[in-house]
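**Q** query_12.cif is reproduced in full below (mmCIF, C-alpha atoms and all ligand atoms).
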data_upload
#
loop_
_atom_site.label_atom_id
_atom_site.label_comp_id
_atom_site.auth_asym_id
_atom_site.auth_seq_id
_atom_site.Cartn_x
_atom_site.Cartn_y
_atom_site.Cartn_z
CA MET U 22 -2.42 -7.10 -51.67
CA ASN U 23 -4.11 -5.47 -48.75
CA ASN U 24 -2.20 -4.37 -45.67
CA GLU U 25 0.24 -7.24 -45.72
CA ILE U 26 3.35 -7.72 -43.60
CA LYS U 27 6.18 -10.05 -44.57
CA ILE U 28 8.89 -11.22 -42.22
CA CYS U 29 11.83 -12.58 -44.20
CA GLY U 30 14.95 -14.59 -43.41
CA LEU U 31 13.43 -17.02 -40.91
CA ARG U 32 15.75 -19.87 -40.01
CA ASP U 33 14.26 -21.65 -37.02
CA ALA U 34 10.97 -22.57 -35.39
CA PRO U 35 11.09 -19.99 -32.55
CA ALA U 36 11.60 -17.14 -35.03
CA LEU U 37 8.92 -18.50 -37.36
CA ASP U 38 6.47 -18.92 -34.48
CA ALA U 39 7.21 -15.38 -33.28
CA ALA U 40 6.30 -14.08 -36.74
CA LEU U 41 3.16 -16.22 -37.01
CA ASP U 42 1.99 -15.47 -33.46
CA ALA U 43 2.42 -11.75 -34.06
CA GLY U 44 0.29 -12.01 -37.21
CA ALA U 45 2.71 -12.00 -40.15
CA ASP U 46 0.88 -12.44 -43.47
CA LEU U 47 3.93 -13.74 -45.33
CA VAL U 48 7.05 -15.51 -44.10
CA GLY U 49 10.25 -15.82 -46.13
CA PHE U 50 13.00 -18.42 -46.41
CA VAL U 51 16.26 -17.25 -48.00
CA GLN U 52 18.03 -19.49 -50.51
CA PHE U 53 21.33 -17.68 -50.96
CA PRO U 54 24.36 -19.38 -49.35
CA LYS U 55 26.34 -16.14 -48.95
CA SER U 56 23.61 -14.67 -46.73
CA PRO U 57 23.62 -15.05 -42.93
CA ARG U 58 19.90 -15.80 -43.39
CA HIS U 59 20.37 -18.74 -45.75
CA ILE U 60 18.61 -21.88 -44.59
CA ALA U 61 19.39 -25.37 -45.89
CA LEU U 62 16.53 -26.96 -47.81
CA ASP U 63 16.20 -29.90 -45.42
CA MET U 64 15.44 -27.38 -42.66
CA ALA U 65 13.44 -24.95 -44.78
CA GLY U 66 11.00 -27.69 -45.85
CA PRO U 67 9.72 -28.53 -42.34
CA LEU U 68 9.62 -24.84 -41.38
CA SER U 69 7.56 -24.07 -44.45
CA GLN U 70 5.17 -26.91 -43.59
CA ARG U 71 4.85 -25.47 -40.08
CA ALA U 72 3.70 -22.16 -41.60
CA SER U 73 1.31 -23.76 -44.08
CA GLY U 74 -2.23 -22.38 -43.78
CA LYS U 75 -1.09 -19.68 -41.33
CA ALA U 76 0.81 -17.35 -43.65
CA LEU U 77 1.86 -17.24 -47.27
CA ARG U 78 5.23 -18.94 -47.65
CA VAL U 79 7.87 -17.19 -49.73
CA ALA U 80 11.03 -18.81 -51.08
CA LEU U 81 13.70 -16.19 -51.87
CA ALA U 82 16.25 -17.03 -54.56
CA VAL U 83 18.88 -15.06 -56.44
CA ASP U 84 19.34 -15.79 -60.17
CA PRO U 85 18.45 -19.47 -59.72
CA ASP U 86 18.87 -21.88 -62.62
CA ASP U 87 16.19 -24.46 -63.34
CA ALA U 88 17.95 -27.22 -61.41
CA ALA U 89 18.17 -25.06 -58.29
CA LEU U 90 14.56 -23.98 -58.68
CA GLU U 91 13.33 -27.54 -58.94
CA LYS U 92 14.95 -28.35 -55.60
CA ILE U 93 13.78 -25.13 -53.90
CA LEU U 94 10.18 -25.51 -55.04
CA ALA U 95 10.05 -29.22 -54.19
CA ALA U 96 11.39 -28.66 -50.67
CA ILE U 97 9.66 -25.42 -49.67
CA ASP U 98 6.47 -25.66 -51.77
CA PRO U 99 6.14 -21.87 -51.57
CA ASP U 100 3.04 -19.82 -52.32
CA ILE U 101 5.33 -17.18 -53.83
CA LEU U 102 8.83 -17.26 -55.32
CA GLN U 103 10.75 -14.03 -54.60
CA LEU U 104 13.40 -13.42 -57.25
CA HIS U 105 16.02 -11.07 -55.82
CA GLY U 106 18.74 -11.12 -58.43
CA ARG U 107 19.18 -9.78 -61.96
CA GLU U 108 16.48 -11.97 -63.50
CA SER U 109 15.32 -10.43 -66.81
CA PRO U 110 11.60 -10.09 -67.65
CA GLN U 111 12.09 -12.98 -70.11
CA ARG U 112 13.58 -15.20 -67.41
CA VAL U 113 10.78 -14.31 -64.99
CA THR U 114 8.18 -15.19 -67.62
CA GLU U 115 9.95 -18.48 -68.35
CA ILE U 116 10.08 -19.38 -64.65
CA ARG U 117 6.40 -18.58 -64.11
CA HIS U 118 5.33 -20.71 -67.05
CA ARG U 119 7.77 -23.58 -66.56
CA PHE U 120 7.17 -23.99 -62.83
CA GLY U 121 3.63 -22.60 -62.47
CA VAL U 122 4.61 -20.52 -59.46
CA ASN U 123 3.57 -17.01 -58.43
CA VAL U 124 6.53 -14.67 -58.71
CA MET U 125 7.42 -11.53 -56.76
CA LYS U 126 10.33 -9.72 -58.44
CA ALA U 127 12.56 -7.49 -56.36
CA ILE U 128 13.57 -4.21 -57.97
CA GLY U 129 16.42 -2.10 -56.58
CA ILE U 130 15.59 1.58 -56.36
CA ALA U 131 18.18 4.33 -56.00
CA ASP U 132 16.71 7.15 -58.08
CA ALA U 133 13.75 8.11 -60.27
CA ALA U 134 15.22 6.35 -63.33
CA ASP U 135 14.87 2.99 -61.55
CA LEU U 136 11.09 3.39 -61.27
CA ALA U 137 10.71 2.50 -64.97
CA GLN U 138 11.53 -1.10 -64.04
CA ILE U 139 8.30 -1.34 -62.06
CA SER U 140 6.06 -1.18 -65.13
CA VAL U 141 8.45 -3.40 -67.10
CA TYR U 142 8.16 -6.20 -64.51
CA ARG U 143 4.49 -5.59 -63.72
CA ALA U 144 3.71 -7.09 -67.10
CA CYS U 145 5.31 -10.41 -66.18
CA CYS U 146 5.02 -10.72 -62.38
CA ASP U 147 2.37 -11.35 -59.77
CA ARG U 148 3.90 -8.88 -57.32
CA ILE U 149 6.70 -6.34 -57.16
CA LEU U 150 9.02 -5.76 -54.21
CA VAL U 151 10.79 -2.41 -54.13
CA ASP U 152 14.06 -2.50 -52.21
CA ALA U 153 17.10 -0.25 -51.83
CA LYS U 154 19.63 -0.87 -54.60
CA PRO U 155 22.55 -2.79 -53.06
CA PRO U 156 25.79 -0.83 -52.64
CA ALA U 157 28.35 -1.33 -55.43
CA MET U 158 30.74 -3.36 -53.28
CA PRO U 159 31.78 -6.94 -54.04
CA GLU U 160 30.82 -8.12 -50.55
CA ALA U 161 27.33 -6.52 -50.61
CA LEU U 162 24.36 -8.88 -50.64
CA PRO U 163 21.68 -8.40 -53.33
CA GLY U 164 19.29 -7.59 -50.46
CA GLY U 165 19.05 -7.76 -46.71
CA ASN U 166 21.50 -4.87 -46.32
CA GLY U 167 19.30 -2.84 -43.98
CA LEU U 168 19.46 0.16 -46.30
CA THR U 169 16.55 2.49 -46.97
CA PHE U 170 16.00 4.52 -50.13
CA ASP U 171 14.12 7.73 -50.88
CA TRP U 172 10.50 6.81 -50.04
CA GLN U 173 9.27 9.96 -51.79
CA LEU U 174 9.99 8.16 -55.06
CA ILE U 175 7.31 5.60 -54.20
CA ALA U 176 4.96 8.23 -52.73
CA GLY U 177 4.94 9.94 -56.13
CA LEU U 178 3.81 6.87 -58.10
CA ASP U 179 0.26 6.96 -59.49
CA ASP U 180 -0.22 3.22 -59.22
CA LYS U 181 1.04 1.48 -56.09
CA ALA U 182 -1.11 -1.63 -56.51
CA GLY U 183 0.79 -4.85 -55.92
CA LEU U 184 3.85 -3.07 -54.52
CA MET U 185 5.58 -4.31 -51.38
CA LEU U 186 8.06 -1.90 -49.75
CA SER U 187 11.31 -3.18 -48.25
CA GLY U 188 14.83 -1.99 -47.51
CA GLY U 189 15.98 -0.93 -44.08
CA LEU U 190 12.57 -1.05 -42.46
CA ASN U 191 12.43 -1.55 -38.69
CA PRO U 192 9.95 -1.10 -35.83
CA ALA U 193 10.84 2.59 -35.50
CA ASN U 194 10.47 3.65 -39.14
CA VAL U 195 7.83 1.33 -40.65
CA GLY U 196 4.93 3.55 -39.54
CA ASP U 197 6.41 6.59 -41.30
CA ALA U 198 7.24 4.46 -44.36
CA ILE U 199 3.63 3.31 -44.70
CA ALA U 200 2.19 6.79 -44.08
CA LEU U 201 4.56 8.49 -46.50
CA THR U 202 4.58 6.02 -49.38
CA GLY U 203 0.96 4.84 -49.23
CA VAL U 204 1.94 1.21 -49.94
CA ASP U 205 -0.27 -1.68 -48.89
CA ALA U 206 2.48 -4.11 -47.99
CA VAL U 207 5.85 -4.07 -46.22
CA ASP U 208 8.73 -6.50 -45.83
CA VAL U 209 11.54 -6.66 -43.28
CA SER U 210 14.54 -8.83 -42.59
CA SER U 211 17.59 -7.30 -40.87
CA GLY U 212 15.51 -4.67 -39.04
CA VAL U 213 14.01 -7.32 -36.74
CA GLU U 214 17.31 -8.99 -35.84
CA SER U 215 19.60 -8.82 -32.81
CA ALA U 216 22.60 -9.87 -34.98
CA PRO U 217 22.91 -10.83 -38.68
CA GLY U 218 20.61 -13.80 -39.22
CA GLU U 219 19.34 -13.85 -35.61
CA LYS U 220 15.70 -12.87 -35.49
CA ASP U 221 14.51 -11.09 -32.33
CA PRO U 222 10.93 -12.10 -31.38
CA GLN U 223 10.34 -8.82 -29.58
CA ARG U 224 11.40 -6.74 -32.56
CA ILE U 225 9.24 -8.90 -34.85
CA ALA U 226 6.20 -8.21 -32.63
CA GLN U 227 7.03 -4.49 -32.43
CA PHE U 228 7.41 -4.28 -36.21
CA ILE U 229 4.07 -5.94 -36.87
CA GLU U 230 2.32 -3.82 -34.25
CA ALA U 231 3.76 -0.60 -35.71
CA ALA U 232 2.85 -1.57 -39.27
CA ARG U 233 -0.71 -2.56 -38.29
CA ALA U 234 -1.15 0.73 -36.42
CA ALA U 235 -0.04 2.69 -39.49
CA PHE U 236 -2.40 0.74 -41.78
CA ARG U 237 -5.28 1.34 -39.32
CA GLN U 238 -4.44 5.02 -39.05
CA ARG U 239 -4.59 5.37 -42.81
CA ALA U 240 -7.95 3.62 -43.00
CA ALA U 241 -9.50 5.80 -40.28
CA PRO U 242 -11.36 8.90 -41.54
CA SER U 243 -9.67 12.17 -40.60
CA ALA U 244 -11.37 14.62 -38.19
CA ASN U 245 -12.01 16.83 -41.22
CA GLU U 246 -13.78 14.04 -43.11
CA LYS U 247 -15.84 13.16 -40.01
CA ALA U 248 -16.93 16.78 -39.58
CA LYS U 249 -17.97 16.97 -43.26
CA SER U 250 -20.12 13.83 -43.08
CA ALA U 251 -21.75 14.82 -39.74
O1 LIG U 301 18.13 -11.14 -46.36
C1 LIG U 301 19.07 -11.50 -47.07
O2 LIG U 301 20.12 -11.91 -46.58
C2 LIG U 301 18.94 -11.42 -48.55
C3 LIG U 301 19.89 -12.01 -49.33
C4 LIG U 301 19.79 -11.96 -50.71
C5 LIG U 301 18.73 -11.30 -51.30
C6 LIG U 301 17.77 -10.67 -50.53
C7 LIG U 301 17.85 -10.71 -49.16
N1 LIG U 301 16.92 -10.09 -48.34
C8 LIG U 301 15.80 -9.32 -48.75
O3 LIG U 301 16.14 -7.96 -48.91
C9 LIG U 301 15.04 -7.14 -48.57
C10 LIG U 301 15.44 -6.05 -47.61
O4 LIG U 301 16.01 -6.56 -46.47
P1 LIG U 301 16.30 -5.65 -45.17
O5 LIG U 301 14.98 -5.51 -44.46
O6 LIG U 301 16.82 -4.34 -45.65
O7 LIG U 301 17.27 -6.41 -44.37
C11 LIG U 301 13.99 -8.07 -48.02
O8 LIG U 301 13.07 -8.38 -49.04
C12 LIG U 301 14.72 -9.31 -47.69
O9 LIG U 301 13.88 -10.39 -47.84
#
Translate the structure described by the file into structure tokens.

**A**
Amino acid sequence: MNNEIKICGLRDAPALDAALDAGADLVGFVQFPKSPRHIALDMAGPLSQRASGKALRVALAVDPDDAALEKILAAIDPDILQLHGRESPQRVTEIRHRFGVNVMKAIGIADAADLAQISVYRACCDRILVDAKPPAMPEALPGGNGLTFDWQLIAGLDDKAGLMLSGGLNPANVGDAIALTGVDAVDVSSGVESAPGEKDPQRIAQFIEAARAAFRQRAAPSANEKAKSA
């Protein structure tokens, strides 16, 4: 993973095109009927085809059984399956082997104790997504709640390889999130919307511009380093 930006929860061609035109590296299609970002498979399939070859296509599912997965993978043909539920490491391993799909497992982070899950899932996943832990309310979604968590927890990790940061990111805070945590990849959903499920093309472009600027800034040598090498 190298300086990647994912725009998730795309439900129509204008929103998808806004993400692709602005340079999104990954685009996500949510398969979770309780979410305002859920998209029916007969619509997700053509959208995914439209993105093929332009960005990596991510299908997001929450504790899917094999029958649901078969349908999701057949319709969306994703490059990556994002598992955003309570899937155990054993279930993730089973899914990867049974379906031959790359898996990104979402891990909810609220405090330092949650970080242990990163190494547990690293052993069985292709990528890890760190997200804010959902609030303990029956109506809360497993993700897409627009909530941030303490980024210092990620900043303090020795190994950030393969980590994608999400949770409450938006055009105004993504630059700080990248600078502070040092991650190579970010993901956003509700932070680029005008209303739940309604993507805002301008906010998508602003988010991608801000994230790219932060990645560039990090790659640029500091004035101190320049002076030393002169
Ligand atoms: O977006 C949703 O509705 C959703 C539903 C169920 C599981 C995950 C969901 N979204 C993912 O959550 C994170 C953070 O989202 P946000 O930026 O805080 O809104 C992101 O990976 C979304 O793809």

**Q** Taking all atoms listed in the file into account, which residues have an atom no farther than 9 Å from ligand LIG 301 (chain U)? I'd like them as a ChimeraX atom specification.

**A** /U:27-30,49-59,81-83,103-106,127,150-153,162-169,185-191,207-214,217-218

**Q** Please compute the atom CA of U:Arg239-atom CA of U:Leu174 distance, one decimal, in Å.

**A**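 Calculated distance between atom CA of U:Arg239 and atom CA of U:Leu174 is 19.2 Å.
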
**Q** Determine, counting all atoms listed in the file, which protein, DNA and RNA residues have an atom within 10 Å of an atom of U:Asp42; residues of the same chain fewer than 3 positions away are not included. Present the result as a PyMOL selection string.

**A** chain U and resi 36-39+45+75+222+225-226

**Q** Skipping near chain neighbours, those fewer than 4 positions away, what residues fall within 12 Å of U:Glu91 using all atoms listed in the file, listed as number ranges by chain?

**A** U: 62, 80, 82, 85-87, 95-99, 102, 116, 119-122

**Q** Restricting it to C-alpha atoms, dump the selection as a PDB file, keeping the file's coordinate frame.

**A**
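The file below, again_28.pdb, is the result:
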ATOM      1  CA  LEU U  62      16.530 -26.960 -47.810  1.00  0.00           C
ATOM      2  CA  ALA U  80      11.030 -18.810 -51.080  1.00  0.00           C
ATOM      3  CA  ALA U  82      16.250 -17.030 -54.560  1.00  0.00           C
ATOM      4  CA  PRO U  85      18.450 -19.470 -59.720  1.00  0.00           C
ATOM      5  CA  ASP U  86      18.870 -21.880 -62.620  1.00  0.00           C
ATOM      6  CA  ASP U  87      16.190 -24.460 -63.340  1.00  0.00           C
ATOM      7  CA  ALA U  95      10.050 -29.220 -54.190  1.00  0.00           C
ATOM      8  CA  ALA U  96      11.390 -28.660 -50.670  1.00  0.00           C
ATOM      9  CA  ILE U  97       9.660 -25.420 -49.670  1.00  0.00           C
ATOM     10  CA  ASP U  98       6.470 -25.660 -51.770  1.00  0.00           C
ATOM     11  CA  PRO U  99       6.140 -21.870 -51.570  1.00  0.00           C
ATOM     12  CA  LEU U 102       8.830 -17.260 -55.320  1.00  0.00           C
ATOM     13  CA  ILE U 116      10.080 -19.380 -64.650  1.00  0.00           C
ATOM     14  CA  ARG U 119       7.770 -23.580 -66.560  1.00  0.00           C
ATOM     15  CA  PHE U 120       7.170 -23.990 -62.830  1.00  0.00           C
ATOM     16  CA  GLY U 121       3.630 -22.600 -62.470  1.00  0.00           C
ATOM     17  CA  VAL U 122       4.610 -20.520 -59.460  1.00  0.00           C
TER      18      VAL U 122
END

**Q** Please determine, counting only C-alpha atoms, which residue among U:Pro159, U:Leu136, U:Val195, U:Tyr142 has the shortest atom-to-atom distance to U:Asp179.

**A** U:Leu136

**Q** Please compute the atom CA of U:Pro35-atom CA of U:Ala61 distance, one decimal, in Å.

**A**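 Pair atom CA of U:Pro35 / atom CA of U:Ala61 returns 16.6 Å.
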
**Q** Go through U:Lys92, U:Lys126, U:Arg107, U:Lys154 one by one, measure the shortest atom-to-atom distance of each to U:Phe170 using all atoms listed in the file, and give the residue with the smallest value.

**A** U:Lys154

**Q** Work out how far apart atom CA of U:Leu41 and atom CA of U:Asn123 are and give it in Å to one decimal.

**A**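 If I compute the distance from atom CA of U:Leu41 to atom CA of U:Asn123, I get 21.4 Å.
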
**Q** Return as AutoDock Vina command-line options the centre and edge lengths, in Å with one decimal, of the box along x, y and z that encloses every atom of stretch 39-43 of chain U in the file, padded by 5 Å per side.

**A**
--center_x 4.6 --center_y -14.0 --center_z -35.1 --size_x 15.2 --size_y 14.5 --size_z 13.7

**Q** From (5.0, -22.1, -48.2), in the file's coordinates, out to 8 Å: which residues are reached, counting all atoms listed in the file? Answer as a ChimeraX atom specification.

**A** /U:69-70,72-73,76-80,97-101

**Q** How would the residues just chosen look if you wrote them out with C-alpha atoms as a PDB file, in the frame of the given file?

**A**
ATOM      1  CA  SER U  69       7.560 -24.070 -44.450  1.00  0.00           C
ATOM      2  CA  GLN U  70       5.170 -26.910 -43.590  1.00  0.00           C
ATOM      3  CA  ALA U  72       3.700 -22.160 -41.600  1.00  0.00           C
ATOM      4  CA  SER U  73       1.310 -23.760 -44.080  1.00  0.00           C
ATOM      5  CA  ALA U  76       0.810 -17.350 -43.650  1.00  0.00           C
ATOM      6  CA  LEU U  77       1.860 -17.240 -47.270  1.00  0.00           C
ATOM      7  CA  ARG U  78       5.230 -18.940 -47.650  1.00  0.00           C
ATOM      8  CA  VAL U  79       7.870 -17.190 -49.730  1.00  0.00           C
ATOM      9  CA  ALA U  80      11.030 -18.810 -51.080  1.00  0.00           C
ATOM     10  CA  ILE U  97       9.660 -25.420 -49.670  1.00  0.00           C
ATOM     11  CA  ASP U  98       6.470 -25.660 -51.770  1.00  0.00           C
ATOM     12  CA  PRO U  99       6.140 -21.870 -51.570  1.00  0.00           C
ATOM     13  CA  ASP U 100       3.040 -19.820 -52.320  1.00  0.00           C
ATOM     14  CA  ILE U 101       5.330 -17.180 -53.830  1.00  0.00           C
TER      15      ILE U 101
END

**Q** Quick one: of U:Val48, U:Ile199, U:Ile175, U:Ala89, who's nearest to U:Gly74, counting only C-alpha atoms?

**A** U:Val48

**Q** Once N, CA and C atoms are restored for stretch 142-160 of chain U, what would the output be as an mmCIF file, in the coordinates of the input?

**A**
data_model
loop_
_atom_site.group_PDB
_atom_site.id
_atom_site.type_symbol
_atom_site.label_atom_id
_atom_site.label_comp_id
_atom_site.auth_asym_id
_atom_site.auth_seq_id
_atom_site.Cartn_x
_atom_site.Cartn_y
_atom_site.Cartn_z
ATOM 1 N N TYR U 142 8.359 -4.896 -65.174
ATOM 2 C CA TYR U 142 8.160 -6.200 -64.510
ATOM 3 C C TYR U 142 6.697 -6.456 -64.150
ATOM 4 N N ARG U 143 5.911 -5.384 -64.013
ATOM 5 C CA ARG U 143 4.490 -5.590 -63.720
ATOM 6 C C ARG U 143 3.839 -6.488 -64.765
ATOM 7 N N ALA U 144 4.305 -6.336 -65.993
ATOM 8 C CA ALA U 144 3.710 -7.090 -67.100
ATOM 9 C C ALA U 144 3.974 -8.587 -66.982
ATOM 10 N N CYS U 145 4.972 -8.980 -66.201
ATOM 11 C CA CYS U 145 5.310 -10.410 -66.180
ATOM 12 C C CYS U 145 5.324 -11.005 -64.771
ATOM 13 N N CYS U 146 4.935 -10.248 -63.766
ATOM 14 C CA CYS U 146 5.020 -10.720 -62.380
ATOM 15 C C CYS U 146 3.678 -10.683 -61.684
ATOM 16 N N ASP U 147 3.581 -11.411 -60.592
ATOM 17 C CA ASP U 147 2.370 -11.350 -59.770
ATOM 18 C C ASP U 147 2.473 -10.202 -58.770
ATOM 19 N N ARG U 148 3.671 -9.956 -58.284
ATOM 20 C CA ARG U 148 3.900 -8.880 -57.320
ATOM 21 C C ARG U 148 5.261 -8.250 -57.581
ATOM 22 N N ILE U 149 5.411 -7.041 -57.059
ATOM 23 C CA ILE U 149 6.700 -6.340 -57.160
ATOM 24 C C ILE U 149 7.143 -5.951 -55.756
ATOM 25 N N LEU U 150 8.421 -6.197 -55.469
ATOM 26 C CA LEU U 150 9.020 -5.760 -54.210
ATOM 27 C C LEU U 150 9.988 -4.639 -54.537
ATOM 28 N N VAL U 151 9.811 -3.481 -53.910
ATOM 29 C CA VAL U 151 10.790 -2.410 -54.130
ATOM 30 C C VAL U 151 11.736 -2.363 -52.943
ATOM 31 N N ASP U 152 13.021 -2.409 -53.240
ATOM 32 C CA ASP U 152 14.060 -2.500 -52.210
ATOM 33 C C ASP U 152 15.142 -1.463 -52.543
ATOM 34 N N ALA U 153 15.962 -1.137 -51.550
ATOM 35 C CA ALA U 153 17.100 -0.250 -51.830
ATOM 36 C C ALA U 153 18.063 -0.987 -52.762
ATOM 37 N N LYS U 154 18.624 -0.265 -53.714
ATOM 38 C CA LYS U 154 19.630 -0.870 -54.600
ATOM 39 C C LYS U 154 20.836 -1.253 -53.734
ATOM 40 N N PRO U 155 21.395 -2.436 -53.891
ATOM 41 C CA PRO U 155 22.550 -2.790 -53.060
ATOM 42 C C PRO U 155 23.755 -1.910 -53.376
ATOM 43 N N PRO U 156 24.612 -1.640 -52.369
ATOM 44 C CA PRO U 156 25.790 -0.830 -52.640
ATOM 45 C C PRO U 156 26.719 -1.540 -53.625
ATOM 46 N N ALA U 157 27.462 -0.744 -54.414
ATOM 47 C CA ALA U 157 28.350 -1.330 -55.430
ATOM 48 C C ALA U 157 29.655 -1.792 -54.778
ATOM 49 N N MET U 158 29.548 -2.796 -53.931
ATOM 50 C CA MET U 158 30.740 -3.360 -53.280
ATOM 51 C C MET U 158 30.673 -4.865 -53.469
ATOM 52 N N PRO U 159 31.816 -5.500 -53.748
ATOM 53 C CA PRO U 159 31.780 -6.940 -54.040
ATOM 54 C C PRO U 159 31.144 -7.750 -52.916
ATOM 55 N N GLU U 160 31.325 -7.311 -51.670
ATOM 56 C CA GLU U 160 30.820 -8.120 -50.550
ATOM 57 C C GLU U 160 29.348 -7.850 -50.233
#
